[in-house]
Number of protein chains: 2
Amino acid sequence: MDQLTWLDKLLFRLEAQRACLGWAVGEIAGRPGVVFELGLGHGRTYDHLRKHLPDRDIYVFDREVDCIADCTPPDDRLVMGDIVDTLPSMAQRFRGKVVLAHADMGTYDDTENLTRGAVLSRNLPALLAPGAIVLSDLLPLYLDGATPLPLPAGARQGRYFIYKTGRTPAARTRSLAAPSRPQRNDASSRPSR
Amino acid sequence: MDQLTWLDKLLFRLEAQRACLGWAVGEIAGRPGVVFELGLGHGRTYDHLRKHLPDRDIYVFDREVDCIADCTPPDDRLVMGDIVDTLPSMAQRFRGKVVLAHADMGTYDDTENLTRGAVLSRNLPALLAPGAIVLSDLLPLYLDGATPLPLPAGARQGRYFIYKTGRTPAARTRSLAAPSRPQRNDASSRPSR
C-alpha cells in the first residue's frame with residue numbers, strides 16, 4: 001500500500017516537528033534572544049520548548065487558550081488575538097530579538113494557510129535576530145534575509161520547513177543577494193495533517 | 001532532560017499504535033473474522049485499518065461521528081452509542097467472530113478509563129475468534145482466554161497493550177489455566193497521552 005494513511009501523516013509530522021525542534025534548540029545555543037511560539041493549540045510543542053529551553057522567554061501567540069491544562073503559558077507571555085494584528089504589534093518591542101520562531105498554525109483549509117503564511121512572511125523578518133531559526137508547518141514561507149535549510153535527520157522532507165537568518169548583518173545581505181539554495185524544500189510537497 | 005514532554009508522549013503513543021496495528025495486520029492474515037474499531041475519534045486509525053485490511057468488515061463504535069471528513073465509516077458499519085450498551089448488544093451477532101479489536105478509547109480522566117477498561121474486559125472475550133488480537137491504549141485489560149503479549153519492535157513499552165486468544169478452544173483453556181507470562185506488560189506503566 002503506497003498511500004499514506006491519516007495515522008502515517010500525523011506520525012510523520014510529529015516526528016519532523018520533534019526532530020526540527022531538537023535541532024533548533026542546539027542551533028540557537030549561546031545566542032541571545034526570545035522565542036516566539038506561534039500557535040498554542042494543545043500546548044504540546046510549547047511544553048517541549050519550555051522544557052528544552054528553560055532559560056528562554058517564550059512568547060505564545062494564539063486566538064484562544066484551549067490547551068492541556070498544565071501547558072498554559074503564564075499571562076505575561078501570552079499574546080492573545082489574530083496574528084494579523086498581534087505580530088505587527090510586537091514589531092517595535094522585539095525588533096531583531098527573536099532567535100527562534102516556531103509556527104505550528106496549519107489548518108485543513110488551504111486558503112487560510114496561505115493567508116497565515118503571508119502574515120508570517122511579511123512580519124517575521126524584522127523580528128528575527130542574526131542566526132535566528134524559523135520552523136514552520138505551513139507552506140514554504142518567503143522570509144527576507146533568511147535561507148531555507150534542509151530538514152535534520154529523523155524528519156521526512158515536506159513535513160516541516162526550516163529557515164535561518166545570516167549570523168551577521170553582512171551575511172544577511174549576502175543571503176538576500178543569493179536567495180536560492182540547492183537544498184531548498186520542495187514547494188510542491190505540502191505538509192499533510 | 002529526563003521528563004517526557006506532551007509532544008514526546010503523543011509521538012511515542014502514535015509510534016506504538018502504528019507498530020501494533022502493522023503487526024496485528026500480519027498476525028490475523030488468513031484467519032476469518034471481522035474487525036472492531038472501538039473509538040472512532042478523528043478516524044486516523046480507522047483509516048489505517050481500512051487501507052491495510054481492504055477485504056475485512058470493520059465495525060466502528062463511538063458515541064458520535066466527529067472525524068476527518070473522508071474517514072467517515074459507512075452507515076452500516078457504524079455502531080453509535082456508549083460501549084456500555086453497544087458492545088453487549090453485539091454479543092449475539094458476533095460471538096466468536098471478531099479477529100481483531102482495537103480500542104483507542106483512552107481519555108485524560110483515569111476514572112473514565114477504568115470504567116471503559118472494565119466494559120471491554122467484561123464484553124470482549126465472548127466476541128473474540130480463536131487467534132484473535134486485541135490492541136488497547138487503555139490500562140491493561142483482563143480478558144478471559146487471552147494472553148498479554150509484548151509489544152512489537154518500534155513500540156515503546158507501556159504505550160499500548162496487546163492480547164491474543166489461543167488458536168484453538170483447547171489452547172484457550174490452557175491459557176486460562178496458566179494466565180501469567182514472563183513478558184506481561186507492566187500494569188504500572190500507563191499509556192500517557
# chains A, B, ... in the order shown; residues from 1 in each chain; ligands from 1
>>> residues_around(residues="Gly154 of chain B", least_positions_apart="3", cutoff="9 Å", atoms="only C-alpha atoms", output="ChimeraX atom specification")
/B:15-16,18-20,151
>>> closest_atom_pairs(of="segment 140-172 of chain B", to="segment 124-136 of chain B", cutoff="7 Å", atoms="only C-alpha atoms", output="Markdown table")
| residue | atom | partner | partner_atom | distance |
| --- | --- | --- | --- | --- |
| B:Leu143 | CA | B:Pro125 | CA | 5.8 |
| B:Asp144 | CA | B:Pro125 | CA | 5.9 |
| B:Gly145 | CA | B:Pro125 | CA | 6.9 |
| B:Tyr160 | CA | B:Ser136 | CA | 5.9 |
| B:Phe161 | CA | B:Ser136 | CA | 5.1 |
| B:Ile162 | CA | B:Leu135 | CA | 4.7 |
| B:Tyr163 | CA | B:Val134 | CA | 5.0 |
| B:Lys164 | CA | B:Ile133 | CA | 4.6 |
| B:Thr165 | CA | B:Gly131 | CA | 5.0 |
| B:Gly166 | CA | B:Gly131 | CA | 5.3 |
| B:Arg167 | CA | B:Gly131 | CA | 4.2 |
| B:Thr168 | CA | B:Pro130 | CA | 5.6 |
| B:Pro169 | CA | B:Pro130 | CA | 6.9 |
>>> write_last_selection(atoms="N, CA, C and O atoms", output="PDB file, in the first residue's frame")
ATOM      1  N   LEU B 143      -8.742 -10.067  30.081  1.00  0.00           N
ATOM      2  CA  LEU B 143      -9.585 -10.732  29.098  1.00  0.00           C
ATOM      3  C   LEU B 143      -9.488 -12.243  29.274  1.00  0.00           C
ATOM      4  O   LEU B 143      -8.440 -12.842  28.985  1.00  0.00           O
ATOM      5  N   ASP B 144     -10.570 -12.849  29.731  1.00  0.00           N
ATOM      6  CA  ASP B 144     -10.593 -14.308  29.885  1.00  0.00           C
ATOM      7  C   ASP B 144     -10.231 -14.976  28.567  1.00  0.00           C
ATOM      8  O   ASP B 144     -10.817 -14.659  27.526  1.00  0.00           O
ATOM      9  N   GLY B 145      -9.297 -15.885  28.599  1.00  0.00           N
ATOM     10  CA  GLY B 145      -8.944 -16.650  27.406  1.00  0.00           C
ATOM     11  C   GLY B 145      -7.932 -15.951  26.515  1.00  0.00           C
ATOM     12  O   GLY B 145      -7.554 -16.498  25.479  1.00  0.00           O
ATOM     13  N   TYR B 160       1.055   0.919  24.777  1.00  0.00           N
ATOM     14  CA  TYR B 160      -0.034   0.173  24.176  1.00  0.00           C
ATOM     15  C   TYR B 160      -0.034  -1.207  24.796  1.00  0.00           C
ATOM     16  O   TYR B 160       0.969  -1.628  25.390  1.00  0.00           O
ATOM     17  N   PHE B 161      -1.135  -1.923  24.648  1.00  0.00           N
ATOM     18  CA  PHE B 161      -1.248  -3.249  25.240  1.00  0.00           C
ATOM     19  C   PHE B 161      -1.824  -4.206  24.208  1.00  0.00           C
ATOM     20  O   PHE B 161      -2.738  -3.852  23.460  1.00  0.00           O
ATOM     21  N   ILE B 162      -1.245  -5.388  24.151  1.00  0.00           N
ATOM     22  CA  ILE B 162      -1.656  -6.399  23.169  1.00  0.00           C
ATOM     23  C   ILE B 162      -2.086  -7.675  23.887  1.00  0.00           C
ATOM     24  O   ILE B 162      -1.427  -8.102  24.843  1.00  0.00           O
ATOM     25  N   TYR B 163      -3.143  -8.265  23.395  1.00  0.00           N
ATOM     26  CA  TYR B 163      -3.616  -9.559  23.907  1.00  0.00           C
ATOM     27  C   TYR B 163      -3.936 -10.448  22.724  1.00  0.00           C
ATOM     28  O   TYR B 163      -4.325  -9.969  21.661  1.00  0.00           O
ATOM     29  N   LYS B 164      -3.814 -11.745  22.958  1.00  0.00           N
ATOM     30  CA  LYS B 164      -4.131 -12.697  21.891  1.00  0.00           C
ATOM     31  C   LYS B 164      -4.847 -13.895  22.483  1.00  0.00           C
ATOM     32  O   LYS B 164      -4.431 -14.415  23.525  1.00  0.00           O
ATOM     33  N   THR B 165      -5.919 -14.320  21.814  1.00  0.00           N
ATOM     34  CA  THR B 165      -6.593 -15.533  22.270  1.00  0.00           C
ATOM     35  C   THR B 165      -5.859 -16.743  21.720  1.00  0.00           C
ATOM     36  O   THR B 165      -5.127 -16.655  20.722  1.00  0.00           O
ATOM     37  N   GLY B 166      -6.064 -17.898  22.366  1.00  0.00           N
ATOM     38  CA  GLY B 166      -5.473 -19.139  21.874  1.00  0.00           C
ATOM     39  C   GLY B 166      -5.992 -19.465  20.483  1.00  0.00           C
ATOM     40  O   GLY B 166      -7.057 -18.994  20.081  1.00  0.00           O
ATOM     41  N   ARG B 167      -5.226 -20.258  19.745  1.00  0.00           N
ATOM     42  CA  ARG B 167      -5.599 -20.522  18.355  1.00  0.00           C
ATOM     43  C   ARG B 167      -6.699 -21.559  18.230  1.00  0.00           C
ATOM     44  O   ARG B 167      -7.323 -21.693  17.195  1.00  0.00           O
ATOM     45  N   THR B 168      -6.902 -22.329  19.268  1.00  0.00           N
ATOM     46  CA  THR B 168      -7.983 -23.330  19.269  1.00  0.00           C
ATOM     47  C   THR B 168      -8.680 -23.243  20.608  1.00  0.00           C
ATOM     48  O   THR B 168      -8.108 -22.733  21.580  1.00  0.00           O
ATOM     49  N   PRO B 169      -9.897 -23.758  20.707  1.00  0.00           N
ATOM     50  CA  PRO B 169     -10.561 -23.787  22.009  1.00  0.00           C
ATOM     51  C   PRO B 169      -9.705 -24.465  23.073  1.00  0.00           C
ATOM     52  O   PRO B 169      -9.641 -24.006  24.200  1.00  0.00           O
TER      53      PRO B 169
END
>>> atom_distance(atom1="atom CA of Arg156 of chain B", atom2="atom CA of Gly106 of chain B")
17.2 Å
>>> select_by_dssp(residues="chain A", states="alpha helix (DSSP H)", output="ChimeraX atom specification")
/A:6-27,44-52,83-89,110-127,169-177
>>> closest_atom_pairs(of="chain A", to="chain B", cutoff="12 Å", atoms="only C-alpha atoms", output="Markdown table")
| residue | atom | partner | partner_atom | distance |
| --- | --- | --- | --- | --- |
| A:Met1 | CA | B:His52 | CA | 7.2 |
| A:Asp2 | CA | B:Lys51 | CA | 9.9 |
| A:Gln3 | CA | B:Lys51 | CA | 8.4 |
| A:Leu4 | CA | B:His48 | CA | 8.4 |
| A:Thr5 | CA | B:His48 | CA | 5.3 |
| A:Trp6 | CA | B:Arg44 | CA | 4.9 |
| A:Leu7 | CA | B:Arg44 | CA | 4.8 |
| A:Asp8 | CA | B:Arg18 | CA | 7.7 |
| A:Lys9 | CA | B:Arg44 | CA | 9.1 |
| A:Leu10 | CA | B:Leu14 | CA | 8.3 |
| A:Leu11 | CA | B:Leu14 | CA | 6.1 |
| A:Phe12 | CA | B:Leu11 | CA | 9.1 |
| A:Arg13 | CA | B:Leu11 | CA | 9.4 |
| A:Leu14 | CA | B:Leu11 | CA | 6.1 |
| A:Glu15 | CA | B:Leu11 | CA | 6.9 |
| A:Ala16 | CA | B:Leu11 | CA | 10.3 |
| A:Gln17 | CA | B:Leu7 | CA | 8.9 |
| A:Arg18 | CA | B:Leu7 | CA | 7.4 |
| A:Ala19 | CA | B:Asp8 | CA | 10.8 |
| A:Leu21 | CA | B:Leu7 | CA | 10.6 |
| A:Gly22 | CA | B:Asp8 | CA | 11.4 |
| A:Gly41 | CA | B:Leu7 | CA | 11.8 |
| A:His42 | CA | B:Trp6 | CA | 9.1 |
| A:Gly43 | CA | B:Trp6 | CA | 7.9 |
| A:Arg44 | CA | B:Leu7 | CA | 4.8 |
| A:Thr45 | CA | B:Leu7 | CA | 5.9 |
| A:Tyr46 | CA | B:Leu7 | CA | 8.8 |
| A:Asp47 | CA | B:Thr5 | CA | 6.0 |
| A:His48 | CA | B:Thr5 | CA | 5.3 |
| A:Leu49 | CA | B:Thr5 | CA | 9.0 |
| A:Arg50 | CA | B:Thr5 | CA | 9.4 |
| A:Lys51 | CA | B:Thr5 | CA | 7.4 |
| A:His52 | CA | B:Met1 | CA | 7.2 |
| A:Leu53 | CA | B:Met1 | CA | 10.3 |
| A:Pro54 | CA | B:Met1 | CA | 10.4 |
| A:Cys67 | CA | B:Trp6 | CA | 11.0 |
| A:Ile68 | CA | B:Trp6 | CA | 8.9 |
| A:Ala69 | CA | B:Tyr108 | CA | 10.7 |
| A:Asp70 | CA | B:Trp6 | CA | 9.9 |
| A:Cys71 | CA | B:Trp6 | CA | 8.7 |
| A:Tyr108 | CA | B:Ile68 | CA | 9.6 |
| A:Arg193 | CA | B:Ile68 | CA | 10.2 |
>>> write_last_selection(atoms="N, CA and C atoms", output="compact mmCIF listing (two decimals), in the first residue's frame")
# COMPACT_ATOMS: atom_id res chain seq x y z
N MET A 1 0.84 -1.19 0.00
CA MET A 1 0.00 0.00 0.00
C MET A 1 0.88 1.25 0.00
N ASP A 2 0.83 2.01 -1.08
CA ASP A 2 1.69 3.18 -1.19
C ASP A 2 1.10 4.40 -0.49
N GLN A 3 -0.21 4.46 -0.45
CA GLN A 3 -0.87 5.67 0.03
C GLN A 3 -0.71 5.83 1.55
N LEU A 4 -0.31 7.03 1.97
CA LEU A 4 -0.20 7.28 3.41
C LEU A 4 -1.59 7.37 4.03
N THR A 5 -1.71 6.82 5.22
CA THR A 5 -2.96 6.95 5.96
C THR A 5 -2.88 8.23 6.82
N TRP A 6 -4.00 8.61 7.37
CA TRP A 6 -4.00 9.78 8.25
C TRP A 6 -3.15 9.53 9.49
N LEU A 7 -3.07 8.29 9.90
CA LEU A 7 -2.19 7.96 11.03
C LEU A 7 -0.73 8.17 10.65
N ASP A 8 -0.36 7.68 9.45
CA ASP A 8 1.01 7.91 8.96
C ASP A 8 1.33 9.41 8.94
N LYS A 9 0.38 10.18 8.37
CA LYS A 9 0.65 11.61 8.18
C LYS A 9 0.89 12.34 9.50
N LEU A 10 0.04 12.05 10.48
CA LEU A 10 0.23 12.73 11.77
C LEU A 10 1.53 12.28 12.43
N LEU A 11 1.79 10.98 12.37
CA LEU A 11 3.02 10.48 12.97
C LEU A 11 4.25 11.13 12.33
N PHE A 12 4.26 11.17 11.00
CA PHE A 12 5.42 11.73 10.31
C PHE A 12 5.57 13.23 10.61
N ARG A 13 4.43 13.91 10.75
CA ARG A 13 4.51 15.34 11.07
C ARG A 13 5.09 15.56 12.47
N LEU A 14 4.65 14.74 13.44
CA LEU A 14 5.18 14.88 14.80
C LEU A 14 6.65 14.51 14.87
N GLU A 15 7.03 13.47 14.11
CA GLU A 15 8.46 13.09 14.06
C GLU A 15 9.29 14.26 13.56
N ALA A 16 8.80 14.87 12.47
CA ALA A 16 9.52 16.01 11.87
C ALA A 16 9.57 17.18 12.86
N GLN A 17 8.44 17.42 13.50
CA GLN A 17 8.36 18.52 14.45
C GLN A 17 9.38 18.34 15.59
N ARG A 18 9.39 17.14 16.15
CA ARG A 18 10.29 16.87 17.27
C ARG A 18 11.76 16.94 16.83
N ALA A 19 12.03 16.41 15.64
CA ALA A 19 13.41 16.45 15.14
C ALA A 19 13.84 17.89 14.88
N LEU A 21 12.59 20.70 16.24
CA LEU A 21 12.70 21.45 17.49
C LEU A 21 14.00 21.09 18.21
N GLY A 22 14.32 19.80 18.24
CA GLY A 22 15.55 19.38 18.90
C GLY A 22 16.78 19.98 18.22
N GLY A 41 -2.35 25.82 20.35
CA GLY A 41 -3.04 24.54 20.15
C GLY A 41 -3.19 23.80 21.47
N HIS A 42 -2.85 22.52 21.45
CA HIS A 42 -2.93 21.72 22.69
C HIS A 42 -1.78 22.03 23.64
N GLY A 43 -0.80 22.77 23.16
CA GLY A 43 0.31 23.15 24.04
C GLY A 43 1.46 22.17 24.05
N ARG A 44 1.40 21.15 23.17
CA ARG A 44 2.44 20.11 23.22
C ARG A 44 3.81 20.65 22.83
N THR A 45 3.87 21.44 21.75
CA THR A 45 5.20 21.92 21.35
C THR A 45 5.66 23.04 22.29
N TYR A 46 4.70 23.79 22.83
CA TYR A 46 5.08 24.79 23.85
C TYR A 46 5.73 24.07 25.04
N ASP A 47 5.12 22.97 25.46
CA ASP A 47 5.68 22.18 26.56
C ASP A 47 7.08 21.70 26.21
N HIS A 48 7.24 21.24 24.98
CA HIS A 48 8.56 20.75 24.52
C HIS A 48 9.60 21.88 24.57
N LEU A 49 9.19 23.04 24.08
CA LEU A 49 10.12 24.18 24.05
C LEU A 49 10.49 24.63 25.46
N ARG A 50 9.50 24.76 26.34
CA ARG A 50 9.81 25.30 27.67
C ARG A 50 10.68 24.34 28.47
N LYS A 51 10.53 23.03 28.21
CA LYS A 51 11.35 22.08 28.96
C LYS A 51 12.77 22.00 28.39
N HIS A 52 12.90 22.21 27.09
CA HIS A 52 14.24 22.15 26.49
C HIS A 52 14.93 23.52 26.50
N LEU A 53 14.18 24.57 26.74
CA LEU A 53 14.75 25.92 26.77
C LEU A 53 14.29 26.63 28.05
N PRO A 54 14.67 26.07 29.21
CA PRO A 54 14.11 26.59 30.48
C PRO A 54 14.52 28.03 30.77
N CYS A 67 -5.62 24.62 25.63
CA CYS A 67 -4.54 23.62 25.67
C CYS A 67 -4.73 22.66 26.84
N ILE A 68 -3.90 21.63 26.87
CA ILE A 68 -3.81 20.74 28.02
C ILE A 68 -3.52 21.63 29.24
N ALA A 69 -4.25 21.37 30.33
CA ALA A 69 -4.26 22.32 31.46
C ALA A 69 -2.85 22.73 31.91
N ASP A 70 -1.94 21.77 32.04
CA ASP A 70 -0.64 22.14 32.60
C ASP A 70 0.31 22.72 31.54
N CYS A 71 -0.21 22.97 30.35
CA CYS A 71 0.59 23.61 29.30
C CYS A 71 0.20 25.09 29.11
N TYR A 108 -6.69 22.63 8.01
CA TYR A 108 -7.09 21.82 6.86
C TYR A 108 -7.53 22.71 5.70
N ARG A 193 -1.66 16.85 7.15
CA ARG A 193 -2.07 16.78 8.55
C ARG A 193 -3.23 15.83 8.71
